[in-house]
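Student: Sharing a structure below in structure tokens format, with a few things to ask.
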Amino acid sequence: MDDKPIDKQDILKELDELHSLDYDYADGRILGSMCTQAHPFAKEVYCKFLDTNLGDPGLFKGTKLIENKVIESIGKLLSLDKAYGNIVTGGTEANIMAIRAARNHARKYKGIVDGEIIIPDSAHFSFKKAADMLNLKIVEAKLDDDYKIDVDSVKEAISDKTVAIVAIAGTTELGLIDPIEEISEIAFENNIYFHVDAAFGGFSIPFLRDAGYGMPVFDFSLRGVCSITVDPHKMGLAPIPAGGIIFRKEEYLDVMAVDSPYLTVKTQSTIVGTRLGASSAATYAIMKYFGKDGYSKKAQELMDNTRFLAENLKGIGYDLVCEPELNIVAFNHPDMDAHELAQKLEDLDWKVSVAKCPVAIRIVLMNHIKITHLKELLEDLKELY
Ligand code: 0PR
């Protein structure tokens, strides 16, 4: 730190210079991100609530009510009348909370120590962090030929140490939806906690289903589902950080509660202590501002862009890994390695990412990618073909 205070203008100049090194979503060059520009209204609300701390909710009763309303509203979107949960920093924290709830529940009610979690090969790496922190063993379920969790493989993986089964509604790499209804039944019949990671799909599948897209059921209307991750800072267009964890029953929060004697509430179930109220307020504002109609329109626009990209890629001669179910397209050049193609695209200033299972270029069609950007990209891909 400098000894003497520095003039605001000088500080801002330095920060602006550094900020200019960042890619800007608005340029349409960021093709592999699940985050996007937050809506200006959400940012305005976010700034108003910057000093609120939900770690001590007795001091911020109004902001706590806002968090409760957001959880209730997301719960309803996911077919749950009375929802429990929190707005947290993102999908990682939400998934860790779900797995912690499952582990503690199994320890308390079934006496399981040295537990195991069954996750698909396609699961986000946040579950590896969860298993590491919570001292659980990961048992990986295989994927079927369509890159979705193999139901038989889940059945085979169940043991008397299983504390949770995880399935994904909107996989990170391909945007696919696992056969959640079948897994839900298996979990229910075996009395095992079932967590659905809809960090990406949670803010689009319900709207697409209502708009007539043939979307499978993935939510609390399935009796086996115990918790769902759904992230406002992905398809919800809320500012970072905003993840969501929704539990079916309050007891899942209770089994994680630790005493917090000197605070305005006597127990705390979240992982972090001091935590942003701004994320809840901004999420509340943007959900009200868009309403179901607004989200539905956005989700459909993104699916239109997805179709446009997928069809044109095929037209040029690229191979799609699978038909997109959500707004992610993964593809390969018939003769060129995906990493080589990714490098060529990088050289043309496109920020792409490469999926690992299977290895392919992966494009997440978020709100900042417009048709004009896709046309430019397709021109470049035509040249590279
Ligand atoms: N669950 C799923 C299904 C996810 O896709 C992700 C993140 C998470 C959980 C974890 O969420 P948080 O990153 O909010 O903790 N998926 C993206 C990924 O890892 C996140 C991302 C976003 C990556 C923007 C890059 C980027 O520029 O690929």
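Convention: chains lettered A, B, ... in structure tokens order; per-chain residue numbering from 1; ligands numbered from 1 as shown.
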Excluding A:Gly58 and its own-chain neighbours fewer than 3 positions away, which residues fall within 8 Å of it when counting only C-alpha atoms? Please give them as a PyMOL selection string.
Tutor: chain A and resi 61+263-265
Student: List all protein, DNA and RNA residues that have at least one atom no more than 9 Å from any atom of ligand 1, counting only C-alpha atoms and all ligand atoms, and write them as a PDB file with N, CA and C atoms, in the first residue's frame.
Tutor:
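As a result, pocket_8.pdb now contains:
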```
ATOM      1  N   ILE A  30     -16.972 -13.340 -26.508  1.00  0.00           N
ATOM      2  CA  ILE A  30     -16.905 -14.343 -25.431  1.00  0.00           C
ATOM      3  C   ILE A  30     -17.931 -15.430 -25.742  1.00  0.00           C
ATOM      4  N   LEU A  31     -17.432 -16.578 -26.167  1.00  0.00           N
ATOM      5  CA  LEU A  31     -18.351 -17.617 -26.662  1.00  0.00           C
ATOM      6  C   LEU A  31     -18.501 -18.799 -25.705  1.00  0.00           C
ATOM      7  N   GLY A  32     -17.706 -18.822 -24.627  1.00  0.00           N
ATOM      8  CA  GLY A  32     -17.751 -20.008 -23.767  1.00  0.00           C
ATOM      9  C   GLY A  32     -18.177 -19.707 -22.346  1.00  0.00           C
ATOM     10  N   SER A  33     -18.860 -18.585 -22.141  1.00  0.00           N
ATOM     11  CA  SER A  33     -19.211 -18.192 -20.773  1.00  0.00           C
ATOM     12  C   SER A  33     -20.694 -18.438 -20.490  1.00  0.00           C
ATOM     13  N   MET A  34     -20.979 -18.863 -19.253  1.00  0.00           N
ATOM     14  CA  MET A  34     -22.372 -19.011 -18.852  1.00  0.00           C
ATOM     15  C   MET A  34     -22.871 -17.759 -18.147  1.00  0.00           C
ATOM     16  N   CYS A  35     -21.966 -16.796 -17.986  1.00  0.00           N
ATOM     17  CA  CYS A  35     -22.387 -15.513 -17.412  1.00  0.00           C
ATOM     18  C   CYS A  35     -22.492 -14.519 -18.554  1.00  0.00           C
ATOM     19  N   THR A  36     -23.157 -13.403 -18.277  1.00  0.00           N
ATOM     20  CA  THR A  36     -23.331 -12.393 -19.317  1.00  0.00           C
ATOM     21  C   THR A  36     -23.486 -11.042 -18.649  1.00  0.00           C
ATOM     22  N   THR A  89     -23.240 -17.479  -3.538  1.00  0.00           N
ATOM     23  CA  THR A  89     -22.335 -16.825  -4.499  1.00  0.00           C
ATOM     24  C   THR A  89     -22.376 -17.421  -5.905  1.00  0.00           C
ATOM     25  N   GLY A  90     -22.910 -18.616  -6.032  1.00  0.00           N
ATOM     26  CA  GLY A  90     -22.936 -19.232  -7.367  1.00  0.00           C
ATOM     27  C   GLY A  90     -23.258 -20.709  -7.270  1.00  0.00           C
ATOM     28  N   GLY A  91     -23.130 -21.384  -8.406  1.00  0.00           N
ATOM     29  CA  GLY A  91     -23.462 -22.795  -8.459  1.00  0.00           C
ATOM     30  C   GLY A  91     -22.550 -23.648  -7.591  1.00  0.00           C
ATOM     31  N   THR A  92     -21.306 -23.238  -7.470  1.00  0.00           N
ATOM     32  CA  THR A  92     -20.372 -24.018  -6.661  1.00  0.00           C
ATOM     33  C   THR A  92     -20.834 -24.049  -5.203  1.00  0.00           C
ATOM     34  N   GLU A  93     -21.103 -22.872  -4.664  1.00  0.00           N
ATOM     35  CA  GLU A  93     -21.524 -22.829  -3.259  1.00  0.00           C
ATOM     36  C   GLU A  93     -22.880 -23.527  -3.065  1.00  0.00           C
ATOM     37  N   ALA A  94     -23.753 -23.368  -4.040  1.00  0.00           N
ATOM     38  CA  ALA A  94     -25.067 -24.018  -3.944  1.00  0.00           C
ATOM     39  C   ALA A  94     -24.898 -25.540  -3.931  1.00  0.00           C
ATOM     40  N   ASN A  95     -24.046 -26.055  -4.817  1.00  0.00           N
ATOM     41  CA  ASN A  95     -23.829 -27.506  -4.860  1.00  0.00           C
ATOM     42  C   ASN A  95     -23.160 -28.005  -3.576  1.00  0.00           C
ATOM     43  N   SER A 122     -20.425 -36.158 -16.400  1.00  0.00           N
ATOM     44  CA  SER A 122     -20.610 -34.812 -16.958  1.00  0.00           C
ATOM     45  C   SER A 122     -20.784 -33.747 -15.876  1.00  0.00           C
ATOM     46  N   ALA A 123     -20.702 -34.146 -14.598  1.00  0.00           N
ATOM     47  CA  ALA A 123     -20.978 -33.186 -13.517  1.00  0.00           C
ATOM     48  C   ALA A 123     -19.946 -32.067 -13.490  1.00  0.00           C
ATOM     49  N   HIS A 124     -20.381 -30.899 -13.057  1.00  0.00           N
ATOM     50  CA  HIS A 124     -19.463 -29.768 -12.923  1.00  0.00           C
ATOM     51  C   HIS A 124     -18.418 -30.078 -11.851  1.00  0.00           C
ATOM     52  N   PHE A 125     -17.222 -29.500 -12.000  1.00  0.00           N
ATOM     53  CA  PHE A 125     -16.137 -29.836 -11.061  1.00  0.00           C
ATOM     54  C   PHE A 125     -16.397 -29.343  -9.629  1.00  0.00           C
ATOM     55  N   SER A 126     -17.466 -28.558  -9.451  1.00  0.00           N
ATOM     56  CA  SER A 126     -17.788 -28.109  -8.081  1.00  0.00           C
ATOM     57  C   SER A 126     -18.073 -29.306  -7.163  1.00  0.00           C
ATOM     58  N   PHE A 127     -18.547 -30.426  -7.733  1.00  0.00           N
ATOM     59  CA  PHE A 127     -18.819 -31.593  -6.883  1.00  0.00           C
ATOM     60  C   PHE A 127     -17.523 -32.235  -6.389  1.00  0.00           C
ATOM     61  N   ILE A 168     -28.033 -33.721 -13.668  1.00  0.00           N
ATOM     62  CA  ILE A 168     -27.851 -32.352 -14.172  1.00  0.00           C
ATOM     63  C   ILE A 168     -28.971 -31.959 -15.139  1.00  0.00           C
ATOM     64  N   ALA A 169     -29.508 -30.775 -14.933  1.00  0.00           N
ATOM     65  CA  ALA A 169     -30.485 -30.218 -15.885  1.00  0.00           C
ATOM     66  C   ALA A 169     -29.797 -29.052 -16.587  1.00  0.00           C
ATOM     67  N   GLY A 170     -29.090 -29.388 -17.661  1.00  0.00           N
ATOM     68  CA  GLY A 170     -28.302 -28.382 -18.381  1.00  0.00           C
ATOM     69  C   GLY A 170     -26.834 -28.579 -18.063  1.00  0.00           C
ATOM     70  N   THR A 171     -26.227 -29.591 -18.715  1.00  0.00           N
ATOM     71  CA  THR A 171     -24.820 -29.891 -18.391  1.00  0.00           C
ATOM     72  C   THR A 171     -23.912 -28.752 -18.852  1.00  0.00           C
ATOM     73  N   THR A 172     -22.812 -28.594 -18.125  1.00  0.00           N
ATOM     74  CA  THR A 172     -21.892 -27.491 -18.384  1.00  0.00           C
ATOM     75  C   THR A 172     -21.354 -27.539 -19.814  1.00  0.00           C
ATOM     76  N   GLU A 173     -21.027 -28.715 -20.287  1.00  0.00           N
ATOM     77  CA  GLU A 173     -20.356 -28.785 -21.587  1.00  0.00           C
ATOM     78  C   GLU A 173     -21.321 -28.840 -22.767  1.00  0.00           C
ATOM     79  N   GLY A 175     -25.036 -28.785 -22.360  1.00  0.00           N
ATOM     80  CA  GLY A 175     -26.375 -28.240 -22.103  1.00  0.00           C
ATOM     81  C   GLY A 175     -27.467 -29.304 -22.149  1.00  0.00           C
ATOM     82  N   ASP A 197     -28.663 -30.465 -10.301  1.00  0.00           N
ATOM     83  CA  ASP A 197     -27.889 -29.266 -10.589  1.00  0.00           C
ATOM     84  C   ASP A 197     -28.467 -28.616 -11.853  1.00  0.00           C
ATOM     85  N   ALA A 198     -29.322 -27.620 -11.605  1.00  0.00           N
ATOM     86  CA  ALA A 198     -29.906 -26.852 -12.722  1.00  0.00           C
ATOM     87  C   ALA A 198     -29.348 -25.432 -12.683  1.00  0.00           C
ATOM     88  N   ALA A 199     -28.049 -25.333 -12.313  1.00  0.00           N
ATOM     89  CA  ALA A 199     -27.405 -24.016 -12.239  1.00  0.00           C
ATOM     90  C   ALA A 199     -27.602 -23.274 -13.553  1.00  0.00           C
ATOM     91  N   PHE A 200     -27.430 -23.986 -14.655  1.00  0.00           N
ATOM     92  CA  PHE A 200     -27.568 -23.357 -15.974  1.00  0.00           C
ATOM     93  C   PHE A 200     -29.015 -23.423 -16.486  1.00  0.00           C
ATOM     94  N   GLY A 201     -29.646 -24.598 -16.368  1.00  0.00           N
ATOM     95  CA  GLY A 201     -30.961 -24.787 -17.009  1.00  0.00           C
ATOM     96  C   GLY A 201     -32.144 -24.254 -16.226  1.00  0.00           C
ATOM     97  N   THR A 229     -30.095 -26.700  -7.522  1.00  0.00           N
ATOM     98  CA  THR A 229     -29.268 -25.496  -7.712  1.00  0.00           C
ATOM     99  C   THR A 229     -29.795 -24.770  -8.931  1.00  0.00           C
ATOM    100  N   VAL A 230     -30.012 -23.471  -8.812  1.00  0.00           N
ATOM    101  CA  VAL A 230     -30.446 -22.678  -9.967  1.00  0.00           C
ATOM    102  C   VAL A 230     -29.839 -21.283  -9.826  1.00  0.00           C
ATOM    103  N   ASP A 231     -29.076 -20.884 -10.838  1.00  0.00           N
ATOM    104  CA  ASP A 231     -28.271 -19.667 -10.666  1.00  0.00           C
ATOM    105  C   ASP A 231     -28.820 -18.431 -11.354  1.00  0.00           C
ATOM    106  N   HIS A 233     -27.200 -15.745 -11.635  1.00  0.00           N
ATOM    107  CA  HIS A 233     -26.154 -15.065 -12.412  1.00  0.00           C
ATOM    108  C   HIS A 233     -25.779 -15.777 -13.717  1.00  0.00           C
ATOM    109  N   LYS A 234     -26.515 -16.828 -14.048  1.00  0.00           N
ATOM    110  CA  LYS A 234     -26.321 -17.424 -15.378  1.00  0.00           C
ATOM    111  C   LYS A 234     -27.514 -16.972 -16.243  1.00  0.00           C
ATOM    112  N   ILE A 240     -23.247 -10.950 -11.057  1.00  0.00           N
ATOM    113  CA  ILE A 240     -22.404 -11.879 -10.304  1.00  0.00           C
ATOM    114  C   ILE A 240     -22.144 -11.227  -8.938  1.00  0.00           C
ATOM    115  N   PRO A 241     -22.128 -11.891  -7.810  1.00  0.00           N
ATOM    116  CA  PRO A 241     -22.388 -13.303  -7.627  1.00  0.00           C
ATOM    117  C   PRO A 241     -23.833 -13.558  -7.201  1.00  0.00           C
ATOM    118  N   ALA A 242     -24.484 -14.499  -7.875  1.00  0.00           N
ATOM    119  CA  ALA A 242     -25.826 -14.892  -7.441  1.00  0.00           C
ATOM    120  C   ALA A 242     -26.111 -16.323  -7.862  1.00  0.00           C
ATOM    121  N   GLY A 243     -25.985 -17.212  -6.899  1.00  0.00           N
ATOM    122  CA  GLY A 243     -26.365 -18.610  -7.110  1.00  0.00           C
ATOM    123  C   GLY A 243     -27.603 -18.865  -6.268  1.00  0.00           C
ATOM    124  N   SER A 353     -14.268 -22.130 -25.806  1.00  0.00           N
ATOM    125  CA  SER A 353     -13.765 -23.131 -24.872  1.00  0.00           C
ATOM    126  C   SER A 353     -13.932 -24.512 -25.481  1.00  0.00           C
TER     127      SER A 353
END
```
Student: Once DSSP has gone over the backbone, tell me which residues of stretch 86-221 of chain A are in strand (DSSP E), as number ranges by chain.
Tutor: A: 86-88, 116-120, 137-141, 162-168, 193-197
Student: May I have the residues from that selection written out with N, CA, C and O atoms, as an mmCIF file, in the first residue's frame?
Tutor:
```
data_model
loop_
_atom_site.group_PDB
_atom_site.id
_atom_site.type_symbol
_atom_site.label_atom_id
_atom_site.label_comp_id
_atom_site.auth_asym_id
_atom_site.auth_seq_id
_atom_site.Cartn_x
_atom_site.Cartn_y
_atom_site.Cartn_z
ATOM 1 N N ASN A 86 -31.259 -20.457 0.036
ATOM 2 C CA ASN A 86 -30.525 -19.184 0.093
ATOM 3 C C ASN A 86 -30.053 -18.745 -1.283
ATOM 4 O O ASN A 86 -29.836 -19.561 -2.164
ATOM 5 N N ILE A 87 -29.849 -17.435 -1.385
ATOM 6 C CA ILE A 87 -29.124 -16.892 -2.533
ATOM 7 C C ILE A 87 -27.659 -16.847 -2.098
ATOM 8 O O ILE A 87 -27.326 -16.229 -1.079
ATOM 9 N N VAL A 88 -26.823 -17.556 -2.831
ATOM 10 C CA VAL A 88 -25.413 -17.690 -2.446
ATOM 11 C C VAL A 88 -24.523 -17.142 -3.568
ATOM 12 O O VAL A 88 -25.008 -16.423 -4.443
ATOM 13 N N GLU A 116 -20.552 -41.725 0.316
ATOM 14 C CA GLU A 116 -20.223 -41.634 -1.117
ATOM 15 C C GLU A 116 -21.298 -40.812 -1.822
ATOM 16 O O GLU A 116 -22.462 -40.838 -1.415
ATOM 17 N N ILE A 117 -20.893 -40.104 -2.887
ATOM 18 C CA ILE A 117 -21.895 -39.448 -3.735
ATOM 19 C C ILE A 117 -21.757 -39.981 -5.157
ATOM 20 O O ILE A 117 -20.653 -40.186 -5.651
ATOM 21 N N ILE A 118 -22.915 -40.200 -5.771
ATOM 22 C CA ILE A 118 -22.917 -40.681 -7.159
ATOM 23 C C ILE A 118 -23.164 -39.476 -8.062
ATOM 24 O O ILE A 118 -24.203 -38.807 -7.945
ATOM 25 N N ILE A 119 -22.188 -39.194 -8.928
ATOM 26 C CA ILE A 119 -22.353 -38.062 -9.856
ATOM 27 C C ILE A 119 -22.058 -38.547 -11.272
ATOM 28 O O ILE A 119 -21.246 -39.455 -11.472
ATOM 29 N N PRO A 120 -22.720 -37.940 -12.264
ATOM 30 C CA PRO A 120 -22.388 -38.351 -13.639
ATOM 31 C C PRO A 120 -21.016 -37.837 -14.038
ATOM 32 O O PRO A 120 -20.525 -36.855 -13.477
ATOM 33 N N LYS A 137 -16.520 -39.776 -0.802
ATOM 34 C CA LYS A 137 -15.908 -40.433 -1.967
ATOM 35 C C LYS A 137 -16.838 -40.237 -3.177
ATOM 36 O O LYS A 137 -18.061 -40.393 -3.045
ATOM 37 N N ILE A 138 -16.236 -39.919 -4.316
ATOM 38 C CA ILE A 138 -17.040 -39.786 -5.532
ATOM 39 C C ILE A 138 -17.124 -41.120 -6.248
ATOM 40 O O ILE A 138 -16.112 -41.790 -6.460
ATOM 41 N N VAL A 139 -18.358 -41.509 -6.585
ATOM 42 C CA VAL A 139 -18.546 -42.687 -7.431
ATOM 43 C C VAL A 139 -19.142 -42.161 -8.732
ATOM 44 O O VAL A 139 -20.232 -41.578 -8.723
ATOM 45 N N GLU A 140 -18.394 -42.310 -9.822
ATOM 46 C CA GLU A 140 -18.860 -41.714 -11.077
ATOM 47 C C GLU A 140 -19.781 -42.650 -11.832
ATOM 48 O O GLU A 140 -19.440 -43.811 -12.081
ATOM 49 N N ALA A 141 -20.973 -42.140 -12.182
ATOM 50 C CA ALA A 141 -21.889 -42.918 -13.023
ATOM 51 C C ALA A 141 -21.525 -42.650 -14.476
ATOM 52 O O ALA A 141 -21.161 -41.530 -14.841
ATOM 53 N N THR A 162 -24.042 -44.651 0.167
ATOM 54 C CA THR A 162 -24.443 -43.537 -0.702
ATOM 55 C C THR A 162 -25.230 -42.504 0.100
ATOM 56 O O THR A 162 -26.262 -42.824 0.690
ATOM 57 N N VAL A 163 -24.725 -41.264 0.083
ATOM 58 C CA VAL A 163 -25.467 -40.202 0.785
ATOM 59 C C VAL A 163 -26.213 -39.300 -0.190
ATOM 60 O O VAL A 163 -27.138 -38.592 0.208
ATOM 61 N N ALA A 164 -25.827 -39.309 -1.455
ATOM 62 C CA ALA A 164 -26.539 -38.473 -2.426
ATOM 63 C C ALA A 164 -26.310 -38.982 -3.841
ATOM 64 O O ALA A 164 -25.262 -39.546 -4.155
ATOM 65 N N ILE A 165 -27.335 -38.736 -4.668
ATOM 66 C CA ILE A 165 -27.213 -38.938 -6.113
ATOM 67 C C ILE A 165 -27.413 -37.562 -6.735
ATOM 68 O O ILE A 165 -28.250 -36.782 -6.280
ATOM 69 N N VAL A 166 -26.606 -37.283 -7.766
ATOM 70 C CA VAL A 166 -26.700 -35.984 -8.444
ATOM 71 C C VAL A 166 -27.005 -36.209 -9.920
ATOM 72 O O VAL A 166 -26.436 -37.110 -10.545
ATOM 73 N N ALA A 167 -27.909 -35.408 -10.462
ATOM 74 C CA ALA A 167 -28.120 -35.390 -11.919
ATOM 75 C C ALA A 167 -28.168 -33.927 -12.364
ATOM 76 O O ALA A 167 -28.321 -33.030 -11.539
ATOM 77 N N ILE A 168 -28.033 -33.721 -13.668
ATOM 78 C CA ILE A 168 -27.851 -32.352 -14.172
ATOM 79 C C ILE A 168 -28.971 -31.959 -15.139
ATOM 80 O O ILE A 168 -29.292 -32.722 -16.057
ATOM 81 N N TYR A 193 -30.917 -39.211 -0.823
ATOM 82 C CA TYR A 193 -31.034 -37.782 -1.169
ATOM 83 C C TYR A 193 -30.712 -37.592 -2.651
ATOM 84 O O TYR A 193 -29.710 -38.093 -3.157
ATOM 85 N N PHE A 194 -31.567 -36.823 -3.349
ATOM 86 C CA PHE A 194 -31.348 -36.583 -4.773
ATOM 87 C C PHE A 194 -31.243 -35.081 -5.037
ATOM 88 O O PHE A 194 -32.166 -34.327 -4.732
ATOM 89 N N HIS A 195 -30.088 -34.666 -5.574
ATOM 90 C CA HIS A 195 -29.863 -33.255 -5.884
ATOM 91 C C HIS A 195 -29.811 -33.051 -7.396
ATOM 92 O O HIS A 195 -29.133 -33.797 -8.110
ATOM 93 N N VAL A 196 -30.522 -32.038 -7.874
ATOM 94 C CA VAL A 196 -30.497 -31.702 -9.296
ATOM 95 C C VAL A 196 -29.705 -30.412 -9.480
ATOM 96 O O VAL A 196 -30.031 -29.385 -8.872
ATOM 97 N N ASP A 197 -28.663 -30.465 -10.301
ATOM 98 C CA ASP A 197 -27.889 -29.266 -10.589
ATOM 99 C C ASP A 197 -28.467 -28.616 -11.853
ATOM 100 O O ASP A 197 -28.165 -29.024 -12.976
#
```
Student: Which residues of stretch 112-208 of chain A have any atom within 9 Å of an atom in stretch 76-82 of chain A when counting only C-alpha atoms, and what is the closest pair of atoms for each, with the distance in Å to one decimal? Order the rows by chain and rising number and write it as a Markdown table.
Tutor:
```
| residue | atom | partner | partner_atom | distance |
| --- | --- | --- | --- | --- |
| A:Gly202 | CA | A:Leu78 | CA | 8.1 |
| A:Phe203 | CA | A:Leu77 | CA | 8.8 |
| A:Pro206 | CA | A:Leu77 | CA | 7.1 |
```
Student: The selected residues should be written to file as a short mmCIF file (atom, residue, chain, number, x, y, z; two decimals), in the first residue's frame (atoms: N, CA, C and O atoms).
Tutor:
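And here is the file that came out, again_34.cif:
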```cif
data_model
loop_
_atom_site.label_atom_id
_atom_site.label_comp_id
_atom_site.auth_asym_id
_atom_site.auth_seq_id
_atom_site.Cartn_x
_atom_site.Cartn_y
_atom_site.Cartn_z
N GLY A 202 -31.93 -23.98 -14.95
CA GLY A 202 -33.07 -23.64 -14.07
C GLY A 202 -33.83 -22.41 -14.47
O GLY A 202 -35.04 -22.32 -14.26
N PHE A 203 -33.14 -21.45 -15.07
CA PHE A 203 -33.82 -20.22 -15.47
C PHE A 203 -34.22 -20.24 -16.94
O PHE A 203 -34.54 -19.20 -17.50
N PRO A 206 -38.02 -24.14 -17.43
CA PRO A 206 -39.45 -23.93 -17.15
C PRO A 206 -40.13 -23.01 -18.18
O PRO A 206 -41.28 -23.24 -18.56
#
```
Student: I'd like the interatomic distance between atom CA of A:Leu54 and atom CA of A:Ile286, to a tenth of an Å.
Tutor: 19.3 Å
Student: Which one is closest to A:Asn135: A:Gly214, A:Gly115, A:Pro358, A:Gly294? Count only C-alpha atoms.
Tutor: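 That would be A:Gly115, the residue with the smallest distance to A:Asn135.
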Student: Which residue, A:Ile192, A:Met303, A:Ala342, A:Cys322, has the smallest gap to A:Ala211 when you use only C-alpha atoms?
Tutor: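 Smallest separation from A:Ala211 among the options: A:Met303.
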Student: Do you have the atom CA of A:Ile180-atom CA of A:Arg248 distance handy?
Tutor: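 We find that atom CA of A:Ile180 and atom CA of A:Arg248 lie 16.0 Å from each other.
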Student: Would you mind reading off the distance between atom CA of A:Val225 and atom CA of A:Thr270, one decimal, in Å?
Tutor: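 Atom CA of A:Thr270 lies 20.3 Å from atom CA of A:Val225.
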Student: Name the residues in contact with stretch 314-320 of chain A at a cut-off of 7 Å, using only C-alpha atoms, excluding same-chain residues fewer than 2 positions from it; report them as a count of residues only.
Tutor: 11
Student: Among stretch 160-379 of chain A, which residues does DSSP mark as helix (DSSP H, G or I) when it is run on the backbone? Keep the chain and numbering as in the structure and answer as an MDAnalysis selection string.
Tutor: chainID A and resid 180:189 201:203 205:210 251:254 278:316 338:347 371:379
Student: Which one of A:Ala101, A:Ser73, A:Asp56, A:Tyr295 sits closest to A:Thr267 if you count only C-alpha atoms?
Tutor: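 Of all the options, A:Asp56 lies closest to A:Thr267.
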Student: A:Lys266, A:Arg29, A:Arg275, A:His19: which is nearest A:Val364, counting only C-alpha atoms?
Tutor: A:Arg29
Student: Pick out the closest residue to A:Asn68 from this set: A:Ala130, A:Leu237, A:Ile245, A:Lys110. Count only C-alpha atoms.
Tutor: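 Closest to A:Asn68 of all the choices is A:Ile245.
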